[in-house]
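Structure data (compact mmCIF, N, CA and C atoms) from run-v9.txt:
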```txt
# COMPACT_ATOMS: atom_id res chain seq x y z
N MET A 1 11.17 -13.81 1.77
CA MET A 1 11.07 -12.84 0.70
C MET A 1 9.80 -12.02 0.88
N THR A 2 9.86 -10.73 0.63
CA THR A 2 8.70 -9.88 0.83
C THR A 2 8.20 -9.26 -0.47
N ASP A 3 8.60 -9.80 -1.60
CA ASP A 3 8.13 -9.31 -2.90
C ASP A 3 8.35 -7.82 -3.08
N ASP A 4 9.38 -7.28 -2.45
CA ASP A 4 9.73 -5.87 -2.55
C ASP A 4 8.72 -4.91 -1.95
N TRP A 5 7.78 -5.40 -1.15
CA TRP A 5 6.87 -4.50 -0.44
C TRP A 5 7.63 -3.82 0.68
N ARG A 6 7.31 -2.54 0.91
CA ARG A 6 7.94 -1.78 2.00
C ARG A 6 6.88 -0.95 2.72
N VAL A 7 7.19 -0.61 3.95
CA VAL A 7 6.32 0.28 4.72
C VAL A 7 6.18 1.59 3.93
N ASP A 8 4.99 2.13 3.92
CA ASP A 8 4.60 3.37 3.21
C ASP A 8 4.33 3.17 1.73
N ASP A 9 4.48 1.95 1.19
CA ASP A 9 4.06 1.71 -0.19
C ASP A 9 2.55 1.88 -0.29
N LEU A 10 2.08 2.24 -1.47
CA LEU A 10 0.64 2.27 -1.73
C LEU A 10 0.24 0.94 -2.36
N ALA A 11 -0.87 0.38 -1.89
CA ALA A 11 -1.34 -0.92 -2.37
C ALA A 11 -2.75 -0.79 -2.92
N LEU A 12 -2.94 -1.23 -4.16
CA LEU A 12 -4.25 -1.25 -4.80
C LEU A 12 -4.86 -2.63 -4.63
N CYS A 13 -6.04 -2.71 -4.04
CA CYS A 13 -6.71 -4.00 -3.86
C CYS A 13 -7.25 -4.46 -5.21
N VAL A 14 -6.93 -5.70 -5.59
CA VAL A 14 -7.41 -6.25 -6.86
C VAL A 14 -8.36 -7.41 -6.67
N SER A 15 -8.41 -7.98 -5.48
CA SER A 15 -9.39 -9.02 -5.18
C SER A 15 -9.64 -9.05 -3.68
N ARG A 16 -10.80 -9.55 -3.29
CA ARG A 16 -11.21 -9.49 -1.89
C ARG A 16 -11.50 -10.88 -1.35
N HIS A 17 -11.02 -11.14 -0.15
CA HIS A 17 -11.35 -12.37 0.56
C HIS A 17 -12.59 -12.10 1.40
N ASP A 18 -13.42 -13.11 1.60
CA ASP A 18 -14.67 -12.94 2.37
C ASP A 18 -14.46 -12.45 3.79
N CYS A 19 -13.31 -12.74 4.38
CA CYS A 19 -13.08 -12.34 5.78
C CYS A 19 -12.59 -10.89 5.90
N TYR A 20 -12.31 -10.23 4.78
CA TYR A 20 -11.83 -8.85 4.83
C TYR A 20 -12.98 -7.90 5.18
N PRO A 21 -12.68 -6.81 5.89
CA PRO A 21 -13.71 -5.80 6.14
C PRO A 21 -14.20 -5.22 4.81
N SER A 22 -15.41 -4.68 4.80
CA SER A 22 -16.01 -4.19 3.55
C SER A 22 -15.21 -3.08 2.88
N GLN A 23 -14.45 -2.30 3.64
CA GLN A 23 -13.66 -1.23 3.03
C GLN A 23 -12.50 -1.76 2.20
N VAL A 24 -12.08 -3.01 2.44
CA VAL A 24 -11.00 -3.62 1.67
C VAL A 24 -11.65 -4.35 0.50
N ARG A 25 -11.76 -3.62 -0.61
CA ARG A 25 -12.46 -4.12 -1.79
C ARG A 25 -11.67 -3.72 -3.04
N PRO A 26 -11.87 -4.41 -4.15
CA PRO A 26 -11.15 -4.05 -5.37
C PRO A 26 -11.33 -2.57 -5.72
N GLY A 27 -10.21 -1.95 -6.05
CA GLY A 27 -10.20 -0.54 -6.41
C GLY A 27 -9.78 0.37 -5.27
N ALA A 28 -9.85 -0.12 -4.03
CA ALA A 28 -9.45 0.68 -2.87
C ALA A 28 -7.92 0.71 -2.77
N ILE A 29 -7.40 1.84 -2.29
CA ILE A 29 -5.95 2.02 -2.15
C ILE A 29 -5.61 2.24 -0.68
N PHE A 30 -4.57 1.57 -0.22
CA PHE A 30 -4.16 1.63 1.18
C PHE A 30 -2.66 1.89 1.29
N THR A 31 -2.25 2.40 2.46
CA THR A 31 -0.84 2.62 2.74
C THR A 31 -0.35 1.49 3.64
N VAL A 32 0.74 0.85 3.24
CA VAL A 32 1.29 -0.29 3.97
C VAL A 32 1.89 0.18 5.30
N ARG A 33 1.47 -0.48 6.37
CA ARG A 33 1.99 -0.19 7.72
C ARG A 33 3.03 -1.23 8.14
N ALA A 34 2.83 -2.49 7.68
CA ALA A 34 3.76 -3.57 8.04
C ALA A 34 3.77 -4.61 6.92
N VAL A 35 4.95 -5.19 6.70
CA VAL A 35 5.12 -6.26 5.72
C VAL A 35 5.57 -7.49 6.48
N LEU A 36 4.85 -8.59 6.31
CA LEU A 36 5.16 -9.83 7.03
C LEU A 36 5.55 -10.91 6.03
N ALA A 37 6.71 -11.50 6.20
CA ALA A 37 7.20 -12.55 5.31
C ALA A 37 6.77 -13.92 5.81
N ASN A 38 6.58 -14.82 4.90
CA ASN A 38 6.28 -16.23 5.21
C ASN A 38 5.07 -16.42 6.11
N MET A 39 4.03 -15.63 5.89
CA MET A 39 2.78 -15.82 6.64
C MET A 39 2.11 -17.09 6.12
N PRO A 40 1.69 -17.99 7.02
CA PRO A 40 1.02 -19.20 6.55
C PRO A 40 -0.33 -18.87 5.93
N ASP A 41 -0.69 -19.61 4.90
CA ASP A 41 -1.99 -19.45 4.25
C ASP A 41 -2.98 -20.34 4.99
N LEU A 42 -3.97 -19.71 5.61
CA LEU A 42 -4.93 -20.48 6.41
C LEU A 42 -5.81 -21.40 5.57
N ALA A 43 -5.85 -21.17 4.26
CA ALA A 43 -6.64 -22.03 3.37
C ALA A 43 -5.83 -23.24 2.90
N GLY A 44 -4.62 -23.38 3.42
CA GLY A 44 -3.82 -24.55 3.09
C GLY A 44 -2.83 -24.35 1.96
N GLY A 45 -2.74 -23.14 1.43
CA GLY A 45 -1.78 -22.87 0.36
C GLY A 45 -0.39 -22.62 0.91
N ASN A 46 0.48 -22.14 0.05
CA ASN A 46 1.86 -21.85 0.44
C ASN A 46 1.93 -20.58 1.28
N ALA A 47 2.93 -20.54 2.15
CA ALA A 47 3.17 -19.33 2.93
C ALA A 47 3.64 -18.24 1.98
N GLY A 48 3.33 -16.99 2.32
CA GLY A 48 3.73 -15.90 1.44
C GLY A 48 3.75 -14.57 2.17
N THR A 49 3.91 -13.51 1.41
CA THR A 49 3.96 -12.17 1.97
C THR A 49 2.56 -11.70 2.34
N ALA A 50 2.47 -11.04 3.48
CA ALA A 50 1.20 -10.47 3.93
C ALA A 50 1.43 -9.01 4.32
N LEU A 51 0.35 -8.24 4.32
CA LEU A 51 0.44 -6.81 4.58
C LEU A 51 -0.56 -6.38 5.64
N ASN A 52 -0.19 -5.39 6.41
CA ASN A 52 -1.13 -4.67 7.27
C ASN A 52 -1.12 -3.23 6.79
N PHE A 53 -2.25 -2.55 6.95
CA PHE A 53 -2.40 -1.21 6.40
C PHE A 53 -2.74 -0.20 7.48
N ARG A 54 -2.40 1.05 7.23
CA ARG A 54 -2.79 2.14 8.12
C ARG A 54 -4.29 2.36 7.98
N ASP A 55 -4.93 2.68 9.08
CA ASP A 55 -6.36 3.03 9.10
C ASP A 55 -7.27 1.92 8.58
N VAL A 56 -6.82 0.66 8.69
CA VAL A 56 -7.64 -0.48 8.32
C VAL A 56 -7.55 -1.48 9.47
N ALA A 57 -8.67 -2.07 9.81
CA ALA A 57 -8.71 -3.03 10.92
C ALA A 57 -7.76 -4.20 10.66
N GLU A 58 -7.05 -4.59 11.72
CA GLU A 58 -6.20 -5.79 11.61
C GLU A 58 -7.11 -7.01 11.63
N LEU A 59 -6.64 -8.08 11.00
CA LEU A 59 -7.43 -9.31 10.92
C LEU A 59 -7.23 -10.20 12.13
N GLY A 60 -6.29 -9.86 12.99
CA GLY A 60 -6.02 -10.65 14.18
C GLY A 60 -4.53 -10.79 14.39
N PRO A 61 -4.12 -11.32 15.54
CA PRO A 61 -2.69 -11.40 15.86
C PRO A 61 -1.90 -12.35 14.96
N ARG A 62 -2.58 -13.32 14.34
CA ARG A 62 -1.87 -14.28 13.49
C ARG A 62 -2.38 -14.24 12.06
N ALA A 63 -2.90 -13.08 11.65
CA ALA A 63 -3.45 -12.96 10.29
C ALA A 63 -3.14 -11.57 9.73
N ALA A 64 -3.10 -11.48 8.41
CA ALA A 64 -2.87 -10.21 7.72
C ALA A 64 -3.44 -10.35 6.31
N TYR A 65 -3.38 -9.27 5.57
CA TYR A 65 -3.92 -9.26 4.21
C TYR A 65 -2.91 -9.87 3.24
N CYS A 66 -3.35 -10.81 2.43
CA CYS A 66 -2.48 -11.52 1.49
C CYS A 66 -1.99 -10.55 0.41
N ALA A 67 -0.68 -10.39 0.28
CA ALA A 67 -0.10 -9.44 -0.66
C ALA A 67 -0.49 -9.76 -2.11
N SER A 68 -0.78 -11.02 -2.41
CA SER A 68 -1.13 -11.38 -3.79
C SER A 68 -2.48 -10.79 -4.21
N ARG A 69 -3.26 -10.28 -3.26
CA ARG A 69 -4.54 -9.63 -3.58
C ARG A 69 -4.39 -8.13 -3.79
N PHE A 70 -3.13 -7.66 -3.81
CA PHE A 70 -2.85 -6.23 -3.96
C PHE A 70 -1.75 -6.03 -5.00
N ARG A 71 -1.75 -4.87 -5.63
CA ARG A 71 -0.69 -4.47 -6.55
C ARG A 71 -0.06 -3.20 -6.03
N LYS A 72 1.25 -3.17 -6.06
CA LYS A 72 1.98 -1.99 -5.60
C LYS A 72 1.81 -0.88 -6.63
N ILE A 73 1.50 0.32 -6.15
CA ILE A 73 1.41 1.49 -7.01
C ILE A 73 2.78 2.17 -6.98
N ALA A 74 3.42 2.17 -8.13
CA ALA A 74 4.76 2.76 -8.21
C ALA A 74 4.67 4.27 -8.04
N PRO A 75 5.57 4.85 -7.27
CA PRO A 75 5.55 6.30 -7.11
C PRO A 75 5.83 7.00 -8.43
N HIS A 76 5.22 8.13 -8.61
CA HIS A 76 5.39 8.92 -9.82
C HIS A 76 6.64 9.78 -9.69
N ALA A 77 7.53 9.65 -10.63
CA ALA A 77 8.74 10.49 -10.62
C ALA A 77 8.38 11.83 -11.26
N PRO A 78 8.80 12.92 -10.66
CA PRO A 78 8.47 14.23 -11.24
C PRO A 78 9.03 14.38 -12.65
N ASP A 79 8.19 14.88 -13.55
CA ASP A 79 8.67 15.16 -14.90
C ASP A 79 8.97 16.65 -15.02
N ALA A 80 9.26 17.13 -16.21
CA ALA A 80 9.63 18.53 -16.40
C ALA A 80 8.51 19.47 -15.96
N PHE A 81 7.25 19.13 -16.28
CA PHE A 81 6.13 19.98 -15.89
C PHE A 81 6.02 20.04 -14.37
N ASP A 82 6.12 18.88 -13.70
CA ASP A 82 6.06 18.87 -12.24
C ASP A 82 7.15 19.75 -11.64
N SER A 83 8.35 19.63 -12.17
CA SER A 83 9.47 20.42 -11.65
C SER A 83 9.21 21.91 -11.81
N GLU A 84 8.64 22.31 -12.97
CA GLU A 84 8.35 23.72 -13.20
C GLU A 84 7.31 24.23 -12.21
N VAL A 85 6.27 23.43 -11.96
CA VAL A 85 5.23 23.83 -11.01
C VAL A 85 5.81 23.94 -9.60
N ILE A 86 6.64 23.00 -9.22
CA ILE A 86 7.27 23.04 -7.89
C ILE A 86 8.12 24.29 -7.74
N GLU A 87 8.91 24.60 -8.77
CA GLU A 87 9.73 25.81 -8.72
C GLU A 87 8.87 27.07 -8.59
N MET A 88 7.77 27.12 -9.34
CA MET A 88 6.87 28.27 -9.28
C MET A 88 6.26 28.41 -7.88
N LEU A 89 5.83 27.30 -7.31
CA LEU A 89 5.24 27.34 -5.97
C LEU A 89 6.26 27.78 -4.94
N CYS A 90 7.46 27.28 -5.06
CA CYS A 90 8.51 27.69 -4.11
C CYS A 90 8.80 29.17 -4.25
N GLY A 91 8.82 29.67 -5.48
CA GLY A 91 9.04 31.09 -5.71
C GLY A 91 7.92 31.94 -5.13
N LEU A 92 6.69 31.47 -5.26
CA LEU A 92 5.54 32.19 -4.70
C LEU A 92 5.62 32.23 -3.19
N ARG A 93 6.04 31.14 -2.60
CA ARG A 93 6.15 31.09 -1.14
C ARG A 93 7.20 32.07 -0.65
N ARG A 94 8.33 32.14 -1.33
CA ARG A 94 9.39 33.07 -0.94
C ARG A 94 8.93 34.51 -1.12
N ALA A 95 8.22 34.78 -2.22
CA ALA A 95 7.76 36.14 -2.51
C ALA A 95 6.68 36.60 -1.53
N SER A 96 5.93 35.66 -0.98
CA SER A 96 4.82 36.04 -0.08
C SER A 96 5.27 36.23 1.36
N ARG A 97 6.51 35.95 1.66
CA ARG A 97 7.00 36.09 3.05
C ARG A 97 7.28 37.51 3.41
```

Render the structure in this file as structure tokens.
Amino acid sequence: MTDDWRVDDLALCVSRHDCYPSQVRPGAIFTVRAVLANMPDLAGGNAGTALNFRDVAELGPRAAYCASRFRKIAPHAPDAFDSEVIEMLCGLRRASR
């Protein structure tokens, strides 16, 4: 099970392990590059979902970032205002050609 994580999801760091690089800290947001199921917990806990991120150092060939230390940021669905702005921008682009 991968807890519904997918490649290209945005992940908000909510807690940091000591072995993580300094850029992986609470409040930082990353883009998921790979989702790994049933990764063993090196601290002796249960196996679980792990993540690798774009533009972030990998932890090694047999390690990844524990998904439980991140929260998925749900994509924002366009509302009426967003749709109006998109239509206006598209109209401006057509008019400027």

TODO: Tell me, in Å to one decimal, how far atom N of Gln23 of chain A is from atom CA of Gly48 of chain A.
DONE: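 Between these atoms lies a distance of 22.8 Å.
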
Open item on the list: Given only C-alpha atoms as the basis, pick out the residue of A:Cys19, A:Ala80, A:Cys90, A:Leu36 nearest to Leu51 of chain A.
Closed with: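 Going through A:Cys19, A:Ala80, A:Cys90, A:Leu36 one by one, the smallest distance to Leu51 of chain A is for A:Leu36.
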
Task: Residue nearest Ser68 of chain A among A:Tyr20, A:Thr49, A:Asp55, A:Asp4 (counting only C-alpha atoms) - done: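 Comparing A:Tyr20, A:Thr49, A:Asp55, A:Asp4 against Ser68 of chain A, the winner is A:Thr49.
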
Task: Distance of atom CA of Ala77 of chain A from atom CA of Val35 of chain A, expressed in Å to one decimal place - done: 23.7 Å

Task: Length of the atom CA of Leu12 of chain A to atom CA of Val24 of chain A vector [Å] - done: 9.6 Å

- [ ] From chain A, collect each residue whose DSSP state is strand (DSSP E) and return the set as a PyMOL selection string.
- [x] chain A and resi 10-13+29-39+48-53+65-66+70-73

Task: Spatial neighbours of Arg69 of chain A, 7 Å, all atoms listed in the file, chain gap at least 3 places, as a list in words - done: Leu12, Cys13, Val14, Ser15, Arg16, Tyr65 and Cys66 of chain A

TODO: as a ChimeraX atom specification, list the residues of chain A assigned to helix (DSSP H, G or I) by DSSP on the backbone atoms of this structure.
DONE: /A:67-69,80-95

Would you list the contacts of Ala74 of chain A as a PDB file with N, CA and C atoms, in the coordinates of the input, taking every protein, DNA or RNA residue within 8 Å and counting all atoms listed in the file, but skipping same-chain residues closer than 2 positions in sequence?
```pdb
ATOM      1  N   ASP A   9       4.480   1.950   1.190  1.00  0.00           N
ATOM      2  CA  ASP A   9       4.060   1.710  -0.190  1.00  0.00           C
ATOM      3  C   ASP A   9       2.550   1.880  -0.290  1.00  0.00           C
ATOM      4  N   LEU A  10       2.080   2.240  -1.470  1.00  0.00           N
ATOM      5  CA  LEU A  10       0.640   2.270  -1.730  1.00  0.00           C
ATOM      6  C   LEU A  10       0.240   0.940  -2.360  1.00  0.00           C
ATOM      7  N   ALA A  11      -0.870   0.380  -1.890  1.00  0.00           N
ATOM      8  CA  ALA A  11      -1.340  -0.920  -2.370  1.00  0.00           C
ATOM      9  C   ALA A  11      -2.750  -0.790  -2.920  1.00  0.00           C
ATOM     10  N   ARG A  71      -1.750  -4.870  -5.630  1.00  0.00           N
ATOM     11  CA  ARG A  71      -0.690  -4.470  -6.550  1.00  0.00           C
ATOM     12  C   ARG A  71      -0.060  -3.200  -6.030  1.00  0.00           C
ATOM     13  N   LYS A  72       1.250  -3.170  -6.060  1.00  0.00           N
ATOM     14  CA  LYS A  72       1.980  -1.990  -5.600  1.00  0.00           C
ATOM     15  C   LYS A  72       1.810  -0.880  -6.630  1.00  0.00           C
ATOM     16  N   HIS A  76       5.220   8.130  -8.610  1.00  0.00           N
ATOM     17  CA  HIS A  76       5.390   8.920  -9.820  1.00  0.00           C
ATOM     18  C   HIS A  76       6.640   9.780  -9.690  1.00  0.00           C
ATOM     19  N   ALA A  77       7.530   9.650 -10.630  1.00  0.00           N
ATOM     20  CA  ALA A  77       8.740  10.490 -10.620  1.00  0.00           C
ATOM     21  C   ALA A  77       8.380  11.830 -11.260  1.00  0.00           C
TER      22      ALA A  77
END
```
